[in-house]
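work-v3.tsv follows; it contains TSV, C-alpha atoms.
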chain	number	residue	atom	x	y	z
A	577	MET	CA	58.67	255.53	8.37
A	578	HIS	CA	57.42	252.64	10.40
A	579	THR	CA	58.65	250.19	7.76
A	580	THR	CA	62.06	251.84	7.72
A	581	CYS	CA	62.37	251.38	11.48
A	582	LEU	CA	61.44	247.71	11.18
A	583	ILE	CA	64.14	247.15	8.58
A	584	LYS	CA	66.88	249.24	10.17
A	585	VAL	CA	67.50	247.07	13.24
A	586	PRO	CA	68.04	243.77	11.38
A	587	VAL	CA	70.14	245.52	8.75
A	588	VAL	CA	72.52	246.74	11.45
A	589	ALA	CA	72.78	243.25	12.94
A	590	LEU	CA	73.31	241.62	9.54
A	591	ARG	CA	75.94	244.17	8.53
A	592	ASP	CA	77.78	243.48	11.75
A	593	LEU	CA	77.59	239.72	11.06
A	594	TYR	CA	78.90	240.31	7.55
A	595	LYS	CA	81.85	242.14	9.06
A	596	THR	CA	82.66	239.47	11.69
A	597	LEU	CA	82.52	236.79	8.98
A	598	ASN	CA	85.29	238.63	7.12
A	599	GLN	CA	83.00	240.00	4.38
A	600	PRO	CA	82.93	236.79	2.32
A	601	PRO	CA	82.13	237.09	-1.39
A	602	GLN	CA	79.83	234.07	-1.06
A	603	LEU	CA	77.25	236.34	0.61
A	604	LYS	CA	76.06	238.04	-2.53
A	605	GLY	CA	74.19	241.27	-2.05
A	606	TRP	CA	75.50	241.77	1.48
A	607	SER	CA	77.26	245.06	2.03
A	608	LEU	CA	78.49	247.36	4.76
A	609	ASP	CA	77.35	250.51	2.98
A	610	SER	CA	74.22	249.78	0.99
A	611	GLY	CA	71.35	247.36	0.56
A	612	ASP	CA	68.94	248.62	3.18
A	613	ASP	CA	66.42	245.93	2.31
A	614	PRO	CA	67.99	242.54	3.15
A	615	CYS	CA	64.68	240.80	2.41
A	616	GLU	CA	65.09	241.34	-1.33
A	617	LEU	CA	68.78	241.65	-2.08
A	618	TRP	CA	70.76	239.71	0.53
A	619	TYR	CA	71.65	236.10	-0.24
A	620	ARG	CA	70.24	233.39	2.07
A	621	VAL	CA	68.06	235.83	4.01
A	622	SER	CA	64.28	235.28	4.25
A	623	CYS	CA	61.75	237.70	5.65
A	624	LEU	CA	58.11	237.81	6.65
A	625	ASN	CA	56.29	241.14	7.01
A	626	TYR	CA	59.58	243.08	6.81
A	627	SER	CA	61.14	240.95	9.57
A	628	VAL	CA	64.08	238.59	9.08
A	629	VAL	CA	62.79	235.12	10.03
A	630	GLU	CA	65.39	232.82	8.45
A	631	LEU	CA	69.15	232.99	8.03
A	632	ASP	CA	70.53	229.96	6.17
A	633	LEU	CA	74.32	230.10	5.75
A	634	ASN	CA	74.90	226.34	5.60
A	635	GLY	CA	77.96	225.05	3.72
A	636	LEU	CA	79.34	228.34	2.38
A	637	ASN	CA	82.90	227.87	3.65
A	638	LEU	CA	82.59	230.86	5.95
A	639	SER	CA	85.14	231.81	8.60
A	640	GLY	CA	85.34	234.44	11.33
A	641	TYR	CA	82.92	234.45	14.29
A	642	ILE	CA	79.29	235.22	15.15
A	643	THR	CA	78.57	238.78	16.12
A	644	PRO	CA	77.17	239.42	19.62
A	645	GLU	CA	74.63	241.71	17.91
A	646	MET	CA	72.80	238.63	16.64
A	647	TYR	CA	70.22	238.99	19.44
A	648	ASN	CA	68.84	242.08	17.65
A	649	LEU	CA	67.22	239.79	15.10
A	650	TYR	CA	64.16	239.57	17.37
A	651	ASN	CA	61.92	237.65	14.97
A	652	LEU	CA	64.53	235.21	13.69
A	653	LYS	CA	63.14	231.66	13.89
A	654	HIS	CA	65.55	229.59	11.80
A	655	LEU	CA	69.35	229.93	12.13
A	656	ASP	CA	71.67	227.56	10.25
A	657	ILE	CA	75.40	228.26	10.06
A	658	SER	CA	76.44	224.57	9.94
A	659	SER	CA	79.28	223.09	7.88
A	660	ASN	CA	81.55	226.13	7.85
A	661	SER	CA	84.76	227.11	9.62
A	662	ILE	CA	83.28	229.62	12.03
A	663	GLY	CA	85.13	229.91	15.34
A	664	GLY	CA	84.87	231.86	18.56
A	665	GLU	CA	82.18	231.55	21.20
A	666	ILE	CA	78.45	231.15	20.83
A	667	PRO	CA	76.96	234.60	21.51
A	668	TYR	CA	75.92	235.08	25.10
A	669	VAL	CA	72.39	236.00	24.01
A	670	LEU	CA	70.68	234.57	20.95
A	671	PRO	CA	67.42	235.74	19.35
A	672	PRO	CA	64.67	234.75	21.79
A	673	ARG	CA	62.17	233.40	19.23
A	674	LEU	CA	64.42	230.87	17.60
A	675	ILE	CA	62.82	227.51	16.84
A	676	HIS	CA	65.63	225.85	14.88
A	677	VAL	CA	69.36	226.33	15.64
A	678	ASN	CA	72.05	224.44	13.76
A	679	MET	CA	75.71	225.36	14.40
A	680	ALA	CA	77.22	221.92	13.75
A	681	TYR	CA	80.53	221.28	11.99
A	682	ASN	CA	82.36	224.46	12.92
A	683	HIS	CA	85.16	225.46	15.28
A	684	LEU	CA	83.09	226.95	18.10
A	685	ILE	CA	84.75	227.00	21.53
A	686	GLN	CA	83.86	227.47	25.19
A	687	ASN	CA	80.42	226.30	26.31
A	688	ILE	CA	76.66	226.60	25.90
A	689	PRO	CA	75.56	230.14	26.84
A	690	PRO	CA	73.55	230.43	30.07
A	691	SER	CA	70.88	232.46	28.24
A	692	LEU	CA	69.57	229.32	26.51
A	693	PRO	CA	66.57	228.94	28.88
A	694	GLY	CA	65.17	232.20	27.49
A	695	MET	CA	64.51	230.53	24.12
A	696	LYS	CA	61.12	229.08	25.08
A	697	SER	CA	60.13	228.18	21.51
A	698	LEU	CA	63.26	226.18	20.70
A	699	ARG	CA	62.50	222.78	19.16
A	700	TYR	CA	65.80	221.77	17.59
A	701	LEU	CA	69.37	222.41	18.78
A	702	ASN	CA	72.49	221.04	17.08
A	703	LEU	CA	75.93	222.02	18.38
A	704	SER	CA	77.72	218.83	17.35
A	705	HIS	CA	81.22	218.55	15.86
A	706	ASN	CA	82.69	221.64	17.46
A	707	LEU	CA	85.31	222.35	20.10
A	708	LEU	CA	82.94	223.08	22.98
A	709	SER	CA	84.27	221.96	26.34
A	710	GLY	CA	83.82	221.94	30.10
A	711	PRO	CA	80.90	220.92	32.30
A	712	ILE	CA	77.42	221.92	31.16
A	713	GLY	CA	75.45	224.04	33.61
A	714	ASN	CA	71.70	223.89	34.22
A	715	VAL	CA	70.92	225.55	30.92
A	716	PHE	CA	68.01	223.38	29.82
A	717	THR	CA	65.33	224.54	32.25
A	718	GLY	CA	62.16	225.86	30.66
A	719	LEU	CA	62.79	224.23	27.27
A	720	GLN	CA	59.63	222.13	27.25
A	721	ASN	CA	59.28	222.47	23.47
A	722	LEU	CA	62.69	221.01	22.70
A	723	ARG	CA	62.32	217.83	20.64
A	724	GLU	CA	65.85	217.04	19.48
A	725	MET	CA	69.30	218.01	20.75
A	726	ASP	CA	72.70	217.01	19.43
A	727	LEU	CA	75.81	217.82	21.49
A	728	SER	CA	77.96	214.99	20.12
A	729	TYR	CA	81.63	215.15	19.12
A	730	ASN	CA	82.73	217.89	21.48
A	731	ASN	CA	84.82	217.90	24.65
A	732	PHE	CA	82.12	218.26	27.28
A	733	THR	CA	83.08	216.91	30.69
A	734	GLY	CA	81.51	216.27	34.09
A	735	ASP	CA	78.14	214.91	35.10
A	736	LEU	CA	74.89	215.62	33.30
A	737	PRO	CA	73.04	218.57	34.86
A	738	SER	CA	69.70	217.95	36.55
A	739	SER	CA	67.97	220.21	34.01
A	740	PHE	CA	68.15	217.33	31.53
A	741	GLY	CA	65.25	215.87	33.47
A	742	SER	CA	63.05	218.87	32.60
A	743	LEU	CA	63.16	218.15	28.84
A	744	THR	CA	59.82	216.38	29.00
A	745	ASN	CA	59.19	216.39	25.23
A	746	LEU	CA	62.67	215.38	24.10
A	747	THR	CA	62.61	212.43	21.69
A	748	GLY	CA	66.13	212.55	20.24
A	749	LEU	CA	69.33	213.05	22.27
A	750	TYR	CA	72.88	212.59	20.95
A	751	LEU	CA	75.77	212.89	23.42
A	752	GLN	CA	78.29	210.47	21.91
A	753	ASN	CA	82.03	211.10	21.76
A	754	ASN	CA	82.39	213.47	24.68
A	755	LYS	CA	83.91	213.06	28.14
A	756	PHE	CA	80.78	212.95	30.25
A	757	THR	CA	80.98	211.08	33.55
A	758	GLY	CA	78.65	209.91	36.29
A	759	SER	CA	75.10	208.65	36.14
A	760	VAL	CA	72.51	208.83	33.37
A	761	ALA	CA	69.63	208.77	35.85
A	762	TYR	CA	68.32	212.19	34.67
A	763	LEU	CA	67.58	210.63	31.28
A	764	ALA	CA	65.56	207.76	32.71
A	765	GLU	CA	62.08	209.27	32.39
A	766	LEU	CA	62.44	211.14	29.09
A	767	PRO	CA	60.21	210.03	26.18
A	768	LEU	CA	63.21	209.19	24.03
A	769	ILE	CA	63.04	207.40	20.70
A	770	ASP	CA	66.73	207.92	19.84
A	771	LEU	CA	69.45	207.98	22.50
A	772	ASN	CA	73.16	207.84	21.74
A	773	ILE	CA	75.52	208.17	24.71
A	774	LYS	CA	78.32	205.92	23.49
A	775	ASP	CA	82.03	206.65	23.92
A	776	ASN	CA	81.87	208.64	27.13
A	777	SER	CA	82.76	207.71	30.71
A	778	PHE	CA	79.28	207.20	32.12
A	779	SER	CA	79.05	204.79	35.04
A	780	GLY	CA	76.55	203.35	37.50
A	781	ILE	CA	73.48	201.36	36.56
A	782	ILE	CA	71.58	201.37	33.32
A	783	PRO	CA	68.03	202.65	33.97
A	784	SER	CA	65.35	200.06	33.31
A	785	HIS	CA	63.49	202.62	31.17
A	786	PHE	CA	66.22	202.30	28.54
A	787	GLN	CA	64.80	198.93	27.48
A	788	SER	CA	61.82	200.75	25.90
A	789	ILE	CA	63.94	203.11	23.76
A	790	PRO	CA	63.70	201.93	20.13
A	791	ASN	CA	67.11	203.26	19.01
A	792	LEU	CA	69.70	203.01	21.75
A	793	TRP	CA	73.52	203.20	21.69
A	794	ILE	CA	75.38	202.88	25.01
A	795	GLY	CA	78.74	201.25	24.17
A	796	GLY	CA	82.13	202.54	25.19
A	797	ASN	CA	81.17	203.54	28.75
A	798	SER	CA	81.89	202.18	32.23
A	799	PHE	CA	78.47	201.04	33.32
A	800	ARG	CA	78.22	198.56	36.15
A	801	LEU	CA	78.82	195.06	34.82
A	802	PRO	CA	76.32	192.23	35.35
A	803	GLY	CA	76.39	190.72	38.81
A	804	ASP	CA	74.22	188.63	41.09
A	805	ASN	CA	71.41	191.17	41.19
A	806	TYR	CA	72.15	193.20	38.07
A	807	PRO	CA	70.76	194.25	35.70
A	808	PRO	CA	67.26	194.47	37.16
A	809	TRP	CA	65.81	193.66	33.72
A	810	ASP	CA	66.83	191.51	30.80
A	811	PHE	CA	69.41	193.59	28.92
A	812	PRO	CA	71.65	191.61	26.51
A	813	LEU	CA	75.11	192.94	27.21
A	814	GLU	CA	78.37	192.00	25.54
A	815	THR	CA	81.37	192.87	27.67
A	816	GLN	CA	85.02	193.16	26.83
A	817	GLY	CA	87.75	194.47	29.08
A	818	GLY	CA	85.27	195.83	31.60
A	819	VAL	CA	83.66	198.16	29.06
A	820	ILE	CA	80.26	197.51	27.57
A	821	GLU	CA	80.49	197.19	23.81
A	822	GLN	CA	76.86	197.56	22.85
A	823	ASP	CA	75.52	199.12	19.64
A	824	ILE	CA	78.88	200.46	18.63
A	825	HIS	CA	77.88	201.47	15.12
A	826	PRO	CA	74.75	203.66	14.96
A	827	PRO	CA	73.59	205.27	11.74
A	828	SER	CA	75.10	208.65	10.95
A	829	ALA	CA	72.51	210.57	12.91
A	830	THR	CA	74.80	213.46	13.67
A	831	GLN	CA	75.79	214.06	10.07
A	832	SER	CA	72.17	213.90	8.91
A	833	SER	CA	70.90	216.18	11.62
A	834	ALA	CA	73.71	218.66	10.99
A	835	MET	CA	72.59	219.05	7.39
A	836	GLU	CA	68.91	219.27	8.31
A	837	LYS	CA	67.34	222.61	7.47
A	838	SER	CA	63.60	222.66	7.40
A	839	ASN	CA	62.32	219.73	9.47
A	840	PRO	CA	63.72	219.65	12.98
A	841	SER	CA	61.66	216.64	13.98
A	842	THR	CA	63.24	214.33	11.41
A	843	LYS	CA	64.86	211.29	13.02
A	844	VAL	CA	67.40	208.89	11.68
A	845	GLY	CA	65.54	205.63	11.89
A	846	GLY	CA	66.94	202.28	12.78
A	847	HIS	CA	66.59	199.20	14.95
A	848	ARG	CA	68.56	198.23	17.94
A	849	LYS	CA	71.57	196.24	16.80
A	850	TRP	CA	73.16	193.76	19.13
A	851	GLY	CA	76.72	192.73	18.10
A	852	PHE	CA	78.04	189.15	18.10
A	853	GLY	CA	80.55	188.48	20.85
A	854	PRO	CA	83.27	185.77	20.73
A	855	LYS	CA	80.87	183.17	22.19
A	856	GLY	CA	78.24	183.99	19.60
A	857	ILE	CA	80.74	183.68	16.75
A	858	ALA	CA	82.00	180.34	18.11
A	859	LEU	CA	78.43	179.09	18.42
A	860	VAL	CA	77.66	180.07	14.82
A	861	ILE	CA	80.82	178.35	13.50
A	862	GLY	CA	80.18	175.21	15.57
A	863	GLY	CA	76.55	175.03	14.45
A	864	GLY	CA	77.56	175.45	10.82
A	865	THR	CA	80.13	172.62	11.14
A	866	VAL	CA	77.52	170.25	12.61
A	867	VAL	CA	75.06	171.06	9.83
A	868	VAL	CA	77.67	170.46	7.10
A	869	SER	CA	78.71	167.15	8.73
A	870	CYS	CA	75.09	165.97	8.88
A	871	VAL	CA	74.60	166.81	5.20
A	872	ILE	CA	77.74	164.87	4.21
A	873	VAL	CA	76.69	161.80	6.26
A	874	TYR	CA	73.21	161.93	4.74
A	875	ILE	CA	74.65	162.04	1.21
A	876	LEU	CA	76.98	159.09	1.93
A	877	VAL	CA	74.14	157.01	3.39
A	878	ARG	CA	71.91	157.72	0.40
A	879	TYR	CA	74.72	156.87	-2.03
A	880	SER	CA	75.53	153.60	-0.22
A	881	ALA	CA	71.85	152.60	-0.31
A	882	TYR	CA	71.69	153.38	-4.02
A	883	ARG	CA	74.81	151.28	-4.76
A	884	PHE	CA	73.48	148.38	-2.67
A	885	ASN	CA	70.11	148.37	-4.42
A	886	LYS	CA	71.77	148.58	-7.84
A	887	LEU	CA	74.09	145.61	-7.14
A	888	ARG	CA	71.21	143.59	-5.72
A	889	ALA	CA	69.09	144.25	-8.80
A	890	GLN	CA	71.97	143.16	-11.06
A	891	ARG	CA	72.48	139.92	-9.13
A	892	LEU	CA	68.78	139.07	-9.12
A	893	GLY	CA	68.57	139.77	-12.85
A	894	ALA	CA	71.50	137.46	-13.56
A	895	SER	CA	70.04	134.67	-11.44
A	896	SER	CA	66.62	134.96	-13.12
A	897	SER	CA	68.06	134.69	-16.62
A	898	SER	CA	70.10	131.55	-15.86
A	899	ARG	CA	67.74	129.68	-13.54
A	900	SER	CA	64.26	130.92	-14.21
A	901	PHE	CA	62.97	127.43	-15.11
A	902	THR	CA	65.15	125.17	-12.96
A	903	VAL	CA	64.18	121.49	-12.92
A	904	ILE	CA	64.06	120.18	-9.42
A	905	SER	CA	66.64	117.49	-8.91
A	906	THR	CA	65.26	114.22	-7.55
A	907	SER	CA	68.52	113.57	-5.75
A	908	LYS	CA	68.17	116.74	-3.68
A	909	VAL	CA	66.80	116.25	-0.21
A	910	LEU	CA	63.56	118.26	-0.12
A	911	THR	CA	60.56	118.49	2.08
A	912	THR	CA	57.62	117.61	-0.18
A	913	ASP	CA	53.91	117.17	-0.02
A	914	THR	CA	52.24	114.76	-2.41
A	915	GLU	CA	48.72	114.57	-3.61
A	916	PRO	CA	47.09	112.59	-6.36
A	917	TYR	CA	46.32	114.36	-9.55
A	918	GLY	CA	44.67	113.19	-12.69
A	919	ASN	CA	45.71	109.71	-13.61
A	920	GLY	CA	47.73	108.92	-10.52
A	921	SER	CA	50.76	111.17	-11.08
A	922	MET	CA	52.09	112.87	-8.02
A	923	LEU	CA	52.51	116.64	-7.60
A	924	THR	CA	55.80	117.55	-5.95
A	925	GLU	CA	55.80	120.91	-4.14
A	926	GLU	CA	59.19	122.21	-3.13
A	927	THR	CA	59.30	124.13	0.13
A	928	GLU	CA	62.85	125.42	-0.17
A	929	SER	CA	62.49	129.20	-0.43
A	930	SER	CA	65.38	129.90	-2.77
A	931	GLU	CA	64.17	127.51	-5.49
A	932	GLU	CA	60.54	128.51	-5.05
A	933	GLU	CA	61.33	132.13	-5.70
A	934	LEU	CA	62.93	131.28	-9.02
A	935	LEU	CA	59.84	129.49	-10.40
A	936	PRO	CA	57.12	131.46	-12.16
A	937	PRO	CA	54.42	131.97	-9.54
A	938	HIS	CA	51.38	130.96	-11.60
A	939	ASN	CA	52.80	128.07	-13.68
A	940	ASN	CA	54.52	125.84	-11.11
A	941	LEU	CA	51.97	123.10	-11.44
A	942	ARG	CA	52.10	123.00	-15.22
A	943	LEU	CA	55.90	122.88	-15.28
A	944	MET	CA	56.11	119.96	-12.88
A	945	CYS	CA	52.99	117.98	-13.81
A	946	PRO	CA	51.45	118.97	-17.11
A	947	ARG	CA	47.72	118.58	-17.23
A	948	PRO	CA	46.89	115.28	-19.12
A	949	GLN	CA	45.19	115.69	-22.43
A	950	VAL	CA	41.56	114.49	-22.58
A	951	MET	CA	41.03	112.33	-25.60
A	952	SER	CA	37.88	112.97	-27.59
A	953	ARG	CA	35.55	109.97	-28.14
A	954	PRO	CA	35.85	108.56	-31.66
A	955	THR	CA	32.91	109.11	-33.87
A	956	SER	CA	30.57	106.10	-34.17
A	957	PRO	CA	30.93	104.24	-37.42
A	958	THR	CA	27.23	104.33	-37.84
A	959	SER	CA	27.36	108.03	-38.02
A	960	LEU	CA	29.55	107.97	-41.04
A	961	SER	CA	27.86	108.44	-44.28
A	962	VAL	CA	28.36	105.74	-46.84

Output the structure of this file as structure tokens.
Amino acid sequence: MHTTCLIKVPVVALRDLYKTLNQPPQLKGWSLDSGDDPCELWYRVSCLNYSVVELDLNGLNLSGYITPEMYNLYNLKHLDISSNSIGGEIPYVLPPRLIHVNMAYNHLIQNIPPSLPGMKSLRYLNLSHNLLSGPIGNVFTGLQNLREMDLSYNNFTGDLPSSFGSLTNLTGLYLQNNKFTGSVAYLAELPLIDLNIKDNSFSGIIPSHFQSIPNLWIGGNSFRLPGDNYPPWDFPLETQGGVIEQDIHPPSATQSSAMEKSNPSTKVGGHRKWGFGPKGIALVIGGGTVVVSCVIVYILVRYSAYRFNKLRAQRLGASSSSRSFTVISTSKVLTTDTEPYGNGSMLTEETESSEEELLPPHNNLRLMCPRPQVMSRPTSPTSLSV
């Protein structure tokens, strides 16, 4: 009897959801009349101790809307209805023990329900790629366990509520492609690892804390442009038309997080990417031109030196073969030094450099003045034998 009571409440809520989703055939085992035990027979329903704890309806091409009776699933912890065509509003009250909520890639309208602060255990919230609109109220108070939130690709407007500042454990925040305005000061002290606020209408100064965020995208806003006393820290900005174009192309964090099912804390990693502006491109092209020019000049110089050395070697070789043993002309005016040698012959030493280089270095003396032959003493006649 007790077990029957535990099962009856979620069965009613699930039957009502089945009805509001237009009784799709994709939900096998679901029925309006039978199947009192959804934990065993109903497709994509998981239970623990006779309580429904997980409802995973991701990517089933469902339509219709979410029943307001959803809050009766008291022990539901994981709700994923992403990547469908579900419309209507988000129920005013959601199950209070939810930890993981993914409603991305649907056609949901209106705004975030004001009952959100009652979900104290919530760690992951993804409402991206819907038709939600209007200013967001102070709906984030009391959500100290929230680690990642994705509200991107909607039509939210107005300034960020002050309750953003109470998300003291938030490490991933995605607000890109909305119509937010005003300051981002409430995000300044959050322990963010991933922050994407690009393509909004934010203005004012960029908090100095943003320089410590590993993965940051801020392009497509109207932040205050650099001036005499701004920014207060070294932030490399590229500006164009008065709008900061910084980190325009982040990784597909929204798509990945929308499809996430079991690990809410998973982040899409990456490094901060600074784009090249016109000046940077011109500098790269100019530097490349200089480098190429230097290489060409170096090649030409080396080639000229090679040709010069080759011609010089050819000329020296030709001169050596024709004049290697040139006889010094006596009619040529030379500066000479004389010294006696042997039997009174004179050694002539030419000091003209061009002729001296052509003579063999170790045989000059022998070529000019051959060493006289020493005659051997004739043998005494008395030494001859008779």

Quiz prompt | Nearby residues (only C-alpha atoms) at most 7 Å from stretch 646-651 of chain A, same-chain spacing under 5 positions excluded, as a list of chain:residue names | solution =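 Contacts, in chain order: A:Val585, A:Pro586, A:Ala589, A:Ser627, A:Val628, A:Val629, A:Val669, A:Leu670, A:Pro671, A:Pro672, A:Arg673.
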
For the selection you just gave me, I'd like the residues written to a file as a compact mmCIF listing (two decimals), keeping the file's coordinate frame, keeping C-alpha atoms.
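Writing done, so here's again-v8.txt:
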# COMPACT_ATOMS: atom_id res chain seq x y z
CA VAL A 585 67.50 247.07 13.24
CA PRO A 586 68.04 243.77 11.38
CA ALA A 589 72.78 243.25 12.94
CA SER A 627 61.14 240.95 9.57
CA VAL A 628 64.08 238.59 9.08
CA VAL A 629 62.79 235.12 10.03
CA VAL A 669 72.39 236.00 24.01
CA LEU A 670 70.68 234.57 20.95
CA PRO A 671 67.42 235.74 19.35
CA PRO A 672 64.67 234.75 21.79
CA ARG A 673 62.17 233.40 19.23

So that all listed atoms of stretch 651-660 of chain A fit with 8 Å spare on each side, what axis-aligned box centre and edge lengths in Å, to one decimal, would you give as lines of an AutoDock Vina configuration file?
center_x = 71.7
center_y = 230.4
center_z = 11.4
size_x = 35.6
size_y = 30.6
size_z = 23.1

Quiz item: What is the atom CA of A:Trp793 to atom CA of A:Asn660 distance in Å?
Solution: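 According to the coordinates, atom CA of A:Trp793 and atom CA of A:Asn660 are separated by 28.0 Å.
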
Quiz item: So which residues touch A:Ala764 within 12 Å, counting only C-alpha atoms, skipping near sequence neighbours fewer than 5 positions away, as a VMD selection string?
Solution: chain A and resid 738 740 to 744 746 759 771 781 to 789

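Across the model, the gap from atom CA of A:Val877 to atom CA of A:Gly862 is 22.7 Å.
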
Selection near A:Tyr729, 9 Å with all atoms listed in the file, sequence-local residues under 6 positions removed, as an mmCIF file with C-alpha atoms, in the frame of the given file:
data_model
loop_
_atom_site.group_PDB
_atom_site.id
_atom_site.type_symbol
_atom_site.label_atom_id
_atom_site.label_comp_id
_atom_site.auth_asym_id
_atom_site.auth_seq_id
_atom_site.Cartn_x
_atom_site.Cartn_y
_atom_site.Cartn_z
ATOM 1 C CA LEU A 703 75.930 222.020 18.380
ATOM 2 C CA SER A 704 77.720 218.830 17.350
ATOM 3 C CA HIS A 705 81.220 218.550 15.860
ATOM 4 C CA ASN A 706 82.690 221.640 17.460
ATOM 5 C CA LEU A 707 85.310 222.350 20.100
ATOM 6 C CA LEU A 708 82.940 223.080 22.980
ATOM 7 C CA LEU A 751 75.770 212.890 23.420
ATOM 8 C CA GLN A 752 78.290 210.470 21.910
ATOM 9 C CA ASN A 753 82.030 211.100 21.760
ATOM 10 C CA ASN A 754 82.390 213.470 24.680
ATOM 11 C CA THR A 830 74.800 213.460 13.670
#

Long-range neighbours of A:Tyr668 as a PDB file with C-alpha atoms, in the frame of the given file, 12 Å cut-off, all atoms listed in the file, 5 positions minimum in chain:
ATOM      1  CA  ILE A 642      79.290 235.220  15.150  1.00  0.00           C
ATOM      2  CA  THR A 643      78.570 238.780  16.120  1.00  0.00           C
ATOM      3  CA  PRO A 644      77.170 239.420  19.620  1.00  0.00           C
ATOM      4  CA  GLU A 645      74.630 241.710  17.910  1.00  0.00           C
ATOM      5  CA  MET A 646      72.800 238.630  16.640  1.00  0.00           C
ATOM      6  CA  TYR A 647      70.220 238.990  19.440  1.00  0.00           C
ATOM      7  CA  GLN A 686      83.860 227.470  25.190  1.00  0.00           C
ATOM      8  CA  ASN A 687      80.420 226.300  26.310  1.00  0.00           C
ATOM      9  CA  ILE A 688      76.660 226.600  25.900  1.00  0.00           C
ATOM     10  CA  PRO A 689      75.560 230.140  26.840  1.00  0.00           C
ATOM     11  CA  PRO A 690      73.550 230.430  30.070  1.00  0.00           C
ATOM     12  CA  SER A 691      70.880 232.460  28.240  1.00  0.00           C
ATOM     13  CA  LEU A 692      69.570 229.320  26.510  1.00  0.00           C
ATOM     14  CA  PRO A 693      66.570 228.940  28.880  1.00  0.00           C
ATOM     15  CA  GLY A 694      65.170 232.200  27.490  1.00  0.00           C
TER      16      GLY A 694
END

Quiz item: Mind pulling up the distance from atom CA of A:Asp775 to atom CA of A:Leu736?
Solution: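 Answer for the atom CA of A:Leu736 to atom CA of A:Asp775 separation: 14.8 Å.
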
How would stretch 863-876 of chain A look with N, CA and C atoms restored, written as an mmCIF file, in the coordinates of the input?
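The result, written out as part-v2.cif:
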data_model
loop_
_atom_site.group_PDB
_atom_site.id
_atom_site.type_symbol
_atom_site.label_atom_id
_atom_site.label_comp_id
_atom_site.auth_asym_id
_atom_site.auth_seq_id
_atom_site.Cartn_x
_atom_site.Cartn_y
_atom_site.Cartn_z
ATOM 1 N N GLY A 863 77.825 175.465 15.021
ATOM 2 C CA GLY A 863 76.550 175.030 14.450
ATOM 3 C C GLY A 863 76.660 174.769 12.967
ATOM 4 N N GLY A 864 77.389 175.636 12.255
ATOM 5 C CA GLY A 864 77.560 175.450 10.820
ATOM 6 C C GLY A 864 78.325 174.153 10.515
ATOM 7 N N THR A 865 79.361 173.849 11.336
ATOM 8 C CA THR A 865 80.130 172.620 11.140
ATOM 9 C C THR A 865 79.259 171.384 11.319
ATOM 10 N N VAL A 866 78.413 171.392 12.354
ATOM 11 C CA VAL A 866 77.520 170.250 12.610
ATOM 12 C C VAL A 866 76.561 170.053 11.438
ATOM 13 N N VAL A 867 76.006 171.158 10.943
ATOM 14 C CA VAL A 867 75.060 171.060 9.830
ATOM 15 C C VAL A 867 75.728 170.478 8.591
ATOM 16 N N VAL A 868 76.937 170.964 8.274
ATOM 17 C CA VAL A 868 77.670 170.460 7.100
ATOM 18 C C VAL A 868 77.978 168.974 7.254
ATOM 19 N N SER A 869 78.400 168.559 8.485
ATOM 20 C CA SER A 869 78.710 167.150 8.730
ATOM 21 C C SER A 869 77.483 166.280 8.531
ATOM 22 N N CYS A 870 76.328 166.740 9.041
ATOM 23 C CA CYS A 870 75.090 165.970 8.880
ATOM 24 C C CYS A 870 74.719 165.823 7.401
ATOM 25 N N VAL A 871 74.901 166.875 6.629
ATOM 26 C CA VAL A 871 74.600 166.810 5.200
ATOM 27 C C VAL A 871 75.495 165.802 4.492
ATOM 28 N N ILE A 872 76.796 165.799 4.837
ATOM 29 C CA ILE A 872 77.740 164.870 4.210
ATOM 30 C C ILE A 872 77.369 163.424 4.553
ATOM 31 N N VAL A 873 77.078 163.156 5.841
ATOM 32 C CA VAL A 873 76.690 161.800 6.260
ATOM 33 C C VAL A 873 75.433 161.361 5.532
ATOM 34 N N TYR A 874 74.468 162.262 5.425
ATOM 35 C CA TYR A 874 73.210 161.930 4.740
ATOM 36 C C TYR A 874 73.461 161.559 3.283
ATOM 37 N N ILE A 875 74.330 162.327 2.616
ATOM 38 C CA ILE A 875 74.650 162.040 1.210
ATOM 39 C C ILE A 875 75.329 160.686 1.068
ATOM 40 N N LEU A 876 76.287 160.367 1.979
ATOM 41 C CA LEU A 876 76.980 159.090 1.930
ATOM 42 C C LEU A 876 76.034 157.923 2.147
#
